[in-house]
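**Q** Take this structure, written in structure tokens, and hold onto it; I'll ask about it next.
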2 protein chains.
Amino acid sequence: MKRPTIADIAGRAGVSRSAVSFALNDQPGVSEETRQRVLAVASELGWRPHSAARALRGGRAGAIGLALQRPARLLGAEPFTMELISGLESELSARSCGLNLQVVEDTEAEIATYRRWWAEHRVDGVIVLNLRDDDPRVGVLEDLHLPAVVIGGPAGTGTLPSIWSQDAAGMTDVVEYLAALGHRRLAHVSGDPNMRHIVDRADALREVCRLRGLPEPTTVRADYSDEDSAQATRRLLASPDRPTAIIYHTDLTAVTGLEVALEMGLSVPDELSLVAFNDSRLCRLVNPKLTALAHDIPGRGAQAARMLFAAIESGPGADSQPAEPYRLLPRGSTGVYRTR
Amino acid sequence: MKRPTIADIAGRAGVSRSAVSFALNDQPGVSEETRQRVLAVASELGWRPHSAARALRGGRAGAIGLALQRPARLLGAEPFTMELISGLESELSARSCGLNLQVVEDTEAEIATYRRWWAEHRVDGVIVLNLRDDDPRVGVLEDLHLPAVVIGGPAGTGTLPSIWSQDAAGMTDVVEYLAALGHRRLAHVSGDPNMRHIVDRADALREVCRLRGLPEPTTVRADYSDEDSAQATRRLLASPDRPTAIIYHTDLTAVTGLEVALEMGLSVPDELSLVAFNDSRLCRLVNPKLTALAHDIPGRGAQAARMLFAAIESGPGADSQPAEPYRLLPRGSTGVYRTR
DNA sequence: GACGGCCGTGAAGCGCCCGACCATCGCCGA
DNA sequence: TCGGCGATGGTCGGGCGCTTCACGGCCGTC
């Protein structure tokens, strides 16, 4: 089975290759009649443009890139990435644009991937995840003039457009909600403090507590692992003035925290309330169900894809946009604090 | 910033373009000295082959394709896909080969994607998931001569090499284990009966029960949704001769099942044992932890990638291979059945 | 009859690979 | 001594499929 080329079409339709090209690309230079004839032959032969030839000619690669900087174990566990991908896809497939995926070890490898993609003309643009402070990726992408959209920010993205989740607002909502329930001693199990949004949350937490006259909240760090988050929760709950409510940076971490709390004989939510950033099925599978800050991740993926297309088509300088705000979904894991 | 081409290297090194090409591709025809000089200049300029030009020249596209036929919500929830991808990647990145991802609606769309990828020269081969009976994808890929590796089988994959999970063996292990614990009435919440491996499991279950003289097991169907699997479990447990052990086709479904059982006041594992196909963090997050049949998914992804490379390089006719067998991981959700 | 608009053709070239060809040199046999 | 020959190390140029610029007939119009 041989792939048909425009030369084949030209032969069959009795016109030159250029005419075929014009016809197929809706360019002027051929009569309507010829155009129709060419289109008919093309669809009869099942012609499709050879992506490499197009790309070589200086056009688009017809694909965007997504580098995932995550260990294998984690990729499976957390739903974020896949939901984001499916959101991206919804926009991509509409424009029959491909998605190039690459799992990378660290930032250095990620940057190497961007350089390679750029040099090999593999992608027309990339989506950047998990912005950090002074993120070196931003500068590299700017230098390469490789269109990119950052999911994160809005600060520190340089000239790259970004789509930023309103983390401070989300955290504020949670704290006000918890305060209204009578909680005063709050704690926060947070992620990598180099990540922009993690810092935003911690800052917001402190700020709102200050404004509301609540005691200084505790922030401890835990990565995504079982052990780490269990340990963090254990430490918090073992302290003499233990918090009455804990906010977790992920659903995964929160679920582990809930296990630990129950294990330690605490009643949730009577003696301890728990809230998770990121909602997922996980939050509804545990008992009591976890109160969560939900996000429309596929929606954000779609939004990012649209922004990236805009950046690819009209060059840099596009505006950053906020993502849809977090929605607080109160469930069984939060309630009025009852002193014994 | 301009991407350097071999012409640039040729100019700087004072040789012809062909010489550069020979040098860069480890072909004979240049002296060792020239080769070194060319390589030095190339790395100095940061040259990388233009993937499109290579592909156009008749070479490889330098990427493989993976079409995911799954609704967005689900992709996030189940860890399988991402673990598989990370396994694929481990092999791909070693050969600096890309991964093209596409989320598709249904089989028809998936086939259209394969045709498109083929016609556009976008991928050198594909990984096919979730083989069904009389799967139309097999014939299409054979016709296109598009190298492919099927994850599933081993029956019904035509000339395509496959990597098949030993579902019957896994199921047999579970049943023997449950029988040893004293269980007699078994039930099975199964997935889409069009899927090969799902049928294999159901067949094995019936067969082992027959051999062991256990009563005919019940098999009910449930898709991945919360409601569906909850409903299936509820029905099973509401029946007068309700099963004492239930085997679920996914961790996700099993977790939902556990919730339902606890909700109905059953004690797990005293009155009901639960086992899940597919292990994941989910199984360890619930209480009691779920007994599961574990699989090394990233390992399977890597294996599939290696097979696909072999198929791409040496044409069809490669052998199918079994995946590593399931490992039964007994946890808190299974135990001796205690009649009240 | 010059001119402009419309259709269409020819050819170049994107970056890379590779088959065909060529220059040089050392070696051998007449 | 010298022509011929093979090996070595390199150049030339075509072509993969597609786009696009420059041009050239053809017709109708002023």
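Here, A, B, ... name the chains of the structure tokens in the order displayed, residue numbers run from 1 inside each chain, and ligands are numbered from 1 in the same displayed order.
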Env of Val255 in chain A: 8 Å cut, atoms = only C-alpha atoms (C1' of nucleotides), seq-sep filter 3 positions within chain, self excluded. Answer as a list in words.
**A** Asp251, Leu252, Leu258, Glu259, Leu282, Cys283, Val286 and Leu290 of chain A; Leu285 of chain B
**Q** Which chain B residues have any atom within 8 Å of an atom of chain A, and for each, what is the nearest pair of atoms with distance in Å to one decimal, counting only C-alpha atoms, rows sorted by chain and number, as a Markdown table?
**A**
| residue | atom | partner | partner_atom | distance |
| --- | --- | --- | --- | --- |
| B:Met1 | CA | A:Leu144 | CA | 6.6 |
| B:Arg3 | CA | A:Ala119 | CA | 6.1 |
| B:Trp47 | CA | A:Ala119 | CA | 7.4 |
| B:Arg48 | CA | A:Ala119 | CA | 5.8 |
| B:Pro49 | CA | A:Glu120 | CA | 5.8 |
| B:His50 | CA | A:Glu120 | CA | 4.4 |
| B:Ser51 | CA | A:Glu120 | CA | 5.0 |
| B:Ala52 | CA | A:Ala52 | CA | 4.3 |
| B:Ala53 | CA | A:Leu56 | CA | 5.8 |
| B:Ala55 | CA | A:Ala52 | CA | 5.9 |
| B:Leu56 | CA | A:Ala52 | CA | 5.4 |
| B:Ala61 | CA | A:Ala52 | CA | 8.0 |
| B:Ala72 | CA | A:Ser86 | CA | 5.5 |
| B:Arg73 | CA | A:Glu83 | CA | 6.9 |
| B:Leu75 | CA | A:Met82 | CA | 5.7 |
| B:Gly76 | CA | A:Pro79 | CA | 4.1 |
| B:Ala77 | CA | A:Pro79 | CA | 5.7 |
| B:Glu78 | CA | A:Gly76 | CA | 7.5 |
| B:Pro79 | CA | A:Gly76 | CA | 4.1 |
| B:Phe80 | CA | A:Gly76 | CA | 6.5 |
| B:Thr81 | CA | A:Gly76 | CA | 7.3 |
| B:Met82 | CA | A:Gly76 | CA | 4.9 |
| B:Glu83 | CA | A:Gly76 | CA | 5.0 |
| B:Ser86 | CA | A:Ala72 | CA | 5.5 |
| B:Gly87 | CA | A:Ala72 | CA | 7.5 |
| B:Glu89 | CA | A:Val103 | CA | 6.4 |
| B:Ser93 | CA | A:Gln102 | CA | 7.7 |
| B:Gly98 | CA | A:Asn100 | CA | 6.5 |
| B:Leu99 | CA | A:Leu101 | CA | 5.5 |
| B:Asn100 | CA | A:Asn100 | CA | 4.9 |
| B:Leu101 | CA | A:Leu99 | CA | 5.5 |
| B:Gln102 | CA | A:Glu89 | CA | 6.8 |
| B:Val103 | CA | A:Glu89 | CA | 6.4 |
| B:Arg116 | CA | A:Arg48 | CA | 7.3 |
| B:Ala119 | CA | A:Arg48 | CA | 5.7 |
| B:Glu120 | CA | A:His50 | CA | 4.4 |
| B:His121 | CA | A:His50 | CA | 6.1 |
| B:Arg122 | CA | A:Ser51 | CA | 6.6 |
| B:Asp143 | CA | A:Met1 | CA | 7.7 |
| B:Leu144 | CA | A:Met1 | CA | 6.6 |
| B:His145 | CA | A:Met1 | CA | 7.8 |
| B:Val255 | CA | A:Leu285 | CA | 7.1 |
| B:Thr256 | CA | A:Leu285 | CA | 6.7 |
| B:Glu259 | CA | A:Leu285 | CA | 7.2 |
| B:Ser280 | CA | A:Ala77 | CA | 7.6 |
| B:Arg281 | CA | A:Ala77 | CA | 6.6 |
| B:Leu282 | CA | A:Leu282 | CA | 7.8 |
| B:Leu285 | CA | A:Thr256 | CA | 6.7 |
| B:Val286 | CA | A:Val286 | CA | 6.7 |
| B:Pro298 | CA | A:Ala72 | CA | 7.7 |
**Q** Which value, in Å to one decimal, gives the distance between CA of Leu274 in chain A and CA of Val260 in chain A?
**A** 11.7 Å
**Q** With 10 Å as the cut-off and only C-alpha atoms (C1' of nucleotides) counted, what is the closest atom pair between each nearby residue of chain C and chain B? Distances in Å to one decimal, ordered by chain and number, as a tab-separated table.
**A**
residue	atom	partner	partner_atom	distance
C:DC14	C1'	B:Ala53	CA	8.2
C:DG15	C1'	B:Ala53	CA	5.1
C:DC16	C1'	B:Ala53	CA	5.6
C:DC17	C1'	B:Arg57	CA	6.8
C:DC18	C1'	B:Ser18	CA	8.5
**Q** Select, as a list of chain:residue names, those residues of chain D with any atom no more than 8 Å from chain B (distances computed using only C-alpha atoms (C1' of nucleotides)).
**A** D:DT8, D:DG9, D:DG10, D:DT11, D:DC16, D:DG17
**Q** Please save N, CA, C and O atoms (P, O5', C5', C4', C3', O3' and C1' of nucleotides) of the selected residues as a CSV table (one decimal), in the first residue's frame.
**A**
chain,number,residue,atom,x,y,z
D,8,DT,P,40.4,0.3,1.8
D,8,DT,O5',40.6,1.9,1.8
D,8,DT,C5',41.9,2.4,1.6
D,8,DT,C4',41.8,3.9,1.4
D,8,DT,C3',40.8,4.6,2.3
D,8,DT,O3',41.5,5.7,2.9
D,8,DT,C1',40.6,5.3,0.0
D,9,DG,P,40.7,6.5,4.1
D,9,DG,O5',40.2,7.7,3.3
D,9,DG,C5',41.1,8.6,2.7
D,9,DG,C4',40.4,9.8,2.1
D,9,DG,C3',39.3,10.4,2.9
D,9,DG,O3',39.4,11.8,2.8
D,9,DG,C1',38.5,9.7,0.8
D,10,DG,P,38.5,12.7,3.8
D,10,DG,O5',37.4,13.3,2.8
D,10,DG,C5',38.0,14.2,1.9
D,10,DG,C4',37.2,14.1,0.6
D,10,DG,C3',35.8,14.8,0.6
D,10,DG,O3',35.9,16.2,0.3
D,10,DG,C1',36.0,12.9,-0.8
D,11,DT,P,34.6,17.0,0.3
D,11,DT,O5',34.1,16.9,-1.2
D,11,DT,C5',34.9,17.3,-2.3
D,11,DT,C4',34.2,17.2,-3.6
D,11,DT,C3',32.9,18.0,-3.7
D,11,DT,O3',32.8,18.6,-5.0
D,11,DT,C1',32.4,15.7,-4.0
D,16,DC,P,11.3,11.6,-5.8
D,16,DC,O5',10.8,11.3,-4.4
D,16,DC,C5',11.3,10.3,-3.5
D,16,DC,C4',11.1,10.8,-2.1
D,16,DC,C3',9.9,11.6,-1.8
D,16,DC,O3',8.8,10.7,-1.4
D,16,DC,C1',11.9,12.6,-0.8
D,17,DG,P,7.4,10.7,-2.1
D,17,DG,O5',6.8,12.1,-1.6
D,17,DG,C5',6.4,12.2,-0.2
D,17,DG,C4',6.0,13.6,0.0
D,17,DG,C3',4.8,14.1,-0.9
D,17,DG,O3',3.8,14.6,0.0
D,17,DG,C1',6.6,15.7,-0.9
**Q** So that I can check the secondary structure, give me every residue of range 61-243 of chain B assigned helix (DSSP H, G or I) by backbone DSSP, as JSON, numbers by chain.
**A** {"B": [72, 73, 74, 75, 76, 77, 80, 81, 82, 83, 84, 85, 86, 87, 88, 89, 90, 91, 92, 93, 94, 107, 108, 109, 110, 111, 112, 113, 114, 115, 116, 117, 118, 119, 136, 137, 138, 139, 140, 141, 142, 143, 144, 167, 168, 169, 170, 171, 172, 173, 174, 175, 176, 177, 178, 179, 180, 196, 197, 198, 199, 200, 201, 202, 203, 204, 205, 206, 207, 208, 209, 210, 211, 212, 226, 227, 228, 229, 230, 231, 232, 233, 234, 235, 236, 237, 238]}
**Q** A:Val174, A:Ala112, A:Ala232, A:Ala168: which is nearest Leu141 in chain A, counting only C-alpha atoms?
**A**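 Residue with the minimum atom-to-atom distance to Leu141 in chain A: A:Ala112.
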**Q** Find the residues around DG29 in chain C up to 12 Å (only C-alpha atoms (C1' of nucleotides) counted), leave out those fewer than 2 positions away in its own chain, and share them as a list in words.
**A** DC27 of chain C; DT1, DC2, DG3, DG4 and DC5 of chain D
**Q** If I take CA of Pro322 in chain A and CA of Arg60 in chain A, how far is one from the other in Å, to one decimal?
**A** 28.1 Å
**Q** Which distance in Å separates CA of Pro325 in chain B and CA of Asp296 in chain B, to one decimal?
**A** 8.9 Å
**Q** Please provide the set of residues having any atom within 10 Å of Leu186 in chain B, restricted to only C-alpha atoms (C1' of nucleotides), with same-chain residues fewer than 3 positions apart removed, written as a JSON list (two decimals) with N, CA and C atoms, in the first residue's frame.
**A**
[["chain", "number", "residue", "atom", "x", "y", "z"],
["B", 175, "VAL", "N", -8.89, -17.74, 42.99],
["B", 175, "VAL", "CA", -9.93, -18.68, 43.40],
["B", 175, "VAL", "C", -9.36, -19.72, 44.36],
["B", 178, "LEU", "N", -8.96, -18.11, 47.69],
["B", 178, "LEU", "CA", -10.24, -17.91, 48.38],
["B", 178, "LEU", "C", -10.82, -19.24, 48.85],
["B", 179, "ALA", "N", -10.68, -20.25, 48.00],
["B", 179, "ALA", "CA", -11.19, -21.57, 48.38],
["B", 179, "ALA", "C", -10.46, -22.07, 49.61],
["B", 183, "HIS", "N", -13.97, -20.09, 51.32],
["B", 183, "HIS", "CA", -15.05, -19.49, 50.54],
["B", 183, "HIS", "C", -15.60, -20.47, 49.52],
["B", 205, "LEU", "N", -12.66, -18.40, 35.96],
["B", 205, "LEU", "CA", -13.39, -18.46, 37.23],
["B", 205, "LEU", "C", -14.36, -19.64, 37.22],
["B", 206, "ARG", "N", -15.16, -19.72, 36.17],
["B", 206, "ARG", "CA", -16.13, -20.81, 36.08],
["B", 206, "ARG", "C", -15.42, -22.16, 36.10],
["B", 209, "CYS", "N", -13.95, -23.14, 39.53],
["B", 209, "CYS", "CA", -15.03, -23.46, 40.45],
["B", 209, "CYS", "C", -15.55, -24.86, 40.15],
["B", 214, "LEU", "N", -17.00, -26.13, 43.48],
["B", 214, "LEU", "CA", -17.70, -24.99, 44.09],
["B", 214, "LEU", "C", -18.95, -24.69, 43.28],
["B", 215, "PRO", "N", -19.92, -24.04, 43.90],
["B", 215, "PRO", "CA", -21.12, -23.68, 43.15],
["B", 215, "PRO", "C", -20.77, -22.74, 41.99],
["B", 216, "GLU", "N", -21.63, -22.73, 40.99],
["B", 216, "GLU", "CA", -21.44, -21.85, 39.83],
["B", 216, "GLU", "C", -21.30, -20.39, 40.29],
["B", 217, "PRO", "N", -20.23, -19.73, 39.93],
["B", 217, "PRO", "CA", -20.05, -18.35, 40.38],
["B", 217, "PRO", "C", -20.94, -17.38, 39.60],
["B", 218, "THR", "N", -21.23, -16.28, 40.22],
["B", 218, "THR", "CA", -22.02, -15.24, 39.55],
["B", 218, "THR", "C", -21.07, -14.22, 38.92],
["B", 219, "THR", "N", -21.36, -13.85, 37.70],
["B", 219, "THR", "CA", -20.60, -12.76, 37.09],
["B", 219, "THR", "C", -21.56, -11.64, 36.72],
["B", 242, "ARG", "N", -26.09, -14.68, 49.12],
["B", 242, "ARG", "CA", -25.07, -13.72, 48.68],
["B", 242, "ARG", "C", -23.68, -14.35, 48.76],
["B", 243, "PRO", "N", -22.79, -13.88, 47.87],
["B", 243, "PRO", "CA", -21.43, -14.44, 47.84],
["B", 243, "PRO", "C", -20.67, -14.08, 49.12],
["B", 244, "THR", "N", -19.66, -14.89, 49.41],
["B", 244, "THR", "CA", -18.81, -14.57, 50.56],
["B", 244, "THR", "C", -17.51, -13.91, 50.10],
["B", 245, "ALA", "N", -17.32, -13.91, 48.79],
["B", 245, "ALA", "CA", -16.13, -13.23, 48.26],
["B", 245, "ALA", "C", -16.45, -12.67, 46.88],
["B", 246, "ILE", "N", -15.96, -11.48, 46.65],
["B", 246, "ILE", "CA", -16.19, -10.85, 45.34],
["B", 246, "ILE", "C", -14.85, -10.44, 44.74],
["B", 247, "ILE", "N", -14.74, -10.73, 43.46],
["B", 247, "ILE", "CA", -13.52, -10.37, 42.73],
["B", 247, "ILE", "C", -13.89, -9.25, 41.75],
["B", 273, "SER", "N", -15.14, -11.17, 51.69],
["B", 273, "SER", "CA", -13.77, -10.90, 51.24],
["B", 273, "SER", "C", -13.82, -10.23, 49.88]]
**Q** Within 10 Å of Phe277 in chain A, counting only C-alpha atoms (C1' of nucleotides), which residues show up once you throw out same-chain ones fewer than 3 positions away? Write them as a PyMOL selection string, please.
**A** chain A and resi 167+170-171+174+190+247-254+280+291-295+326-328
**Q** Using N, CA and C atoms, can you export the residues from the last selection as a PDB file, in the first residue's frame?
**A**
ATOM      1  N   ASP A 167      -4.787  30.454  43.682  1.00  0.00           N
ATOM      2  CA  ASP A 167      -4.514  29.694  44.896  1.00  0.00           C
ATOM      3  C   ASP A 167      -4.765  30.488  46.169  1.00  0.00           C
ATOM      4  N   GLY A 170      -8.387  30.591  46.770  1.00  0.00           N
ATOM      5  CA  GLY A 170      -8.859  29.288  47.222  1.00  0.00           C
ATOM      6  C   GLY A 170      -8.570  29.086  48.695  1.00  0.00           C
ATOM      7  N   MET A 171      -7.346  29.374  49.055  1.00  0.00           N
ATOM      8  CA  MET A 171      -6.961  29.212  50.449  1.00  0.00           C
ATOM      9  C   MET A 171      -7.788  30.120  51.349  1.00  0.00           C
ATOM     10  N   VAL A 174     -11.107  28.660  52.052  1.00  0.00           N
ATOM     11  CA  VAL A 174     -11.038  27.558  53.012  1.00  0.00           C
ATOM     12  C   VAL A 174     -10.923  28.086  54.431  1.00  0.00           C
ATOM     13  N   SER A 190       2.006  21.116  53.136  1.00  0.00           N
ATOM     14  CA  SER A 190       2.235  21.755  51.840  1.00  0.00           C
ATOM     15  C   SER A 190       3.223  20.976  51.003  1.00  0.00           C
ATOM     16  N   ILE A 247      -5.144  21.500  56.267  1.00  0.00           N
ATOM     17  CA  ILE A 247      -5.364  21.688  54.824  1.00  0.00           C
ATOM     18  C   ILE A 247      -4.213  21.015  54.091  1.00  0.00           C
ATOM     19  N   TYR A 248      -4.552  20.176  53.143  1.00  0.00           N
ATOM     20  CA  TYR A 248      -3.525  19.422  52.412  1.00  0.00           C
ATOM     21  C   TYR A 248      -3.373  19.938  50.989  1.00  0.00           C
ATOM     22  N   HIS A 249      -2.190  19.778  50.460  1.00  0.00           N
ATOM     23  CA  HIS A 249      -1.937  20.337  49.124  1.00  0.00           C
ATOM     24  C   HIS A 249      -2.394  19.424  47.997  1.00  0.00           C
ATOM     25  N   THR A 250      -2.767  18.199  48.323  1.00  0.00           N
ATOM     26  CA  THR A 250      -3.293  17.285  47.299  1.00  0.00           C
ATOM     27  C   THR A 250      -4.331  16.371  47.896  1.00  0.00           C
ATOM     28  N   ASP A 251      -5.149  15.832  47.043  1.00  0.00           N
ATOM     29  CA  ASP A 251      -6.118  14.832  47.477  1.00  0.00           C
ATOM     30  C   ASP A 251      -5.395  13.601  48.009  1.00  0.00           C
ATOM     31  N   LEU A 252      -4.343  13.225  47.310  1.00  0.00           N
ATOM     32  CA  LEU A 252      -3.566  12.059  47.698  1.00  0.00           C
ATOM     33  C   LEU A 252      -3.030  12.182  49.127  1.00  0.00           C
ATOM     34  N   THR A 253      -2.405  13.305  49.387  1.00  0.00           N
ATOM     35  CA  THR A 253      -1.843  13.555  50.704  1.00  0.00           C
ATOM     36  C   THR A 253      -2.943  13.591  51.760  1.00  0.00           C
ATOM     37  N   ALA A 254      -4.049  14.205  51.398  1.00  0.00           N
ATOM     38  CA  ALA A 254      -5.143  14.343  52.349  1.00  0.00           C
ATOM     39  C   ALA A 254      -5.713  12.985  52.734  1.00  0.00           C
ATOM     40  N   SER A 280     -10.927  14.825  43.571  1.00  0.00           N
ATOM     41  CA  SER A 280     -10.895  13.692  42.649  1.00  0.00           C
ATOM     42  C   SER A 280     -11.756  12.605  43.252  1.00  0.00           C
ATOM     43  N   THR A 291     -13.724  16.967  52.208  1.00  0.00           N
ATOM     44  CA  THR A 291     -13.998  18.312  51.714  1.00  0.00           C
ATOM     45  C   THR A 291     -12.836  18.725  50.823  1.00  0.00           C
ATOM     46  N   ALA A 292     -13.156  19.294  49.666  1.00  0.00           N
ATOM     47  CA  ALA A 292     -12.074  19.568  48.719  1.00  0.00           C
ATOM     48  C   ALA A 292     -12.274  20.888  47.986  1.00  0.00           C
ATOM     49  N   LEU A 293     -11.183  21.393  47.486  1.00  0.00           N
ATOM     50  CA  LEU A 293     -11.197  22.548  46.595  1.00  0.00           C
ATOM     51  C   LEU A 293     -11.085  22.003  45.182  1.00  0.00           C
ATOM     52  N   ALA A 294     -12.169  22.093  44.455  1.00  0.00           N
ATOM     53  CA  ALA A 294     -12.195  21.455  43.143  1.00  0.00           C
ATOM     54  C   ALA A 294     -11.786  22.426  42.044  1.00  0.00           C
ATOM     55  N   HIS A 295     -11.271  21.842  41.014  1.00  0.00           N
ATOM     56  CA  HIS A 295     -10.746  22.555  39.872  1.00  0.00           C
ATOM     57  C   HIS A 295     -11.194  21.845  38.621  1.00  0.00           C
ATOM     58  N   TYR A 326     -11.181  28.121  42.265  1.00  0.00           N
ATOM     59  CA  TYR A 326     -11.470  26.876  42.988  1.00  0.00           C
ATOM     60  C   TYR A 326     -12.902  26.909  43.502  1.00  0.00           C
ATOM     61  N   ARG A 327     -13.530  25.760  43.499  1.00  0.00           N
ATOM     62  CA  ARG A 327     -14.833  25.643  44.143  1.00  0.00           C
ATOM     63  C   ARG A 327     -14.669  24.831  45.408  1.00  0.00           C
ATOM     64  N   LEU A 328     -15.140  25.377  46.512  1.00  0.00           N
ATOM     65  CA  LEU A 328     -15.044  24.648  47.771  1.00  0.00           C
ATOM     66  C   LEU A 328     -16.213  23.676  47.869  1.00  0.00           C
TER      67      LEU A 328
END
**Q** Which of range 131-305 of chain A end up as strand (DSSP E) when DSSP is run on this backbone - answer as a list in words?
**A**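 Of range 131-305 of chain A, only Ala148, Val149, Val150, Ile151, Ser162, Ile163, Trp164, Leu186, Ala187, His188, Val189, Ser190, Thr218, Thr219, Val220, Arg221, Ala245, Ile246, Ile247, Tyr248, Ser273, Leu274, Val275, Ala276, Phe277, Thr291, Ala292, Leu293 and Ala294 of chain A fall in strand (DSSP E).
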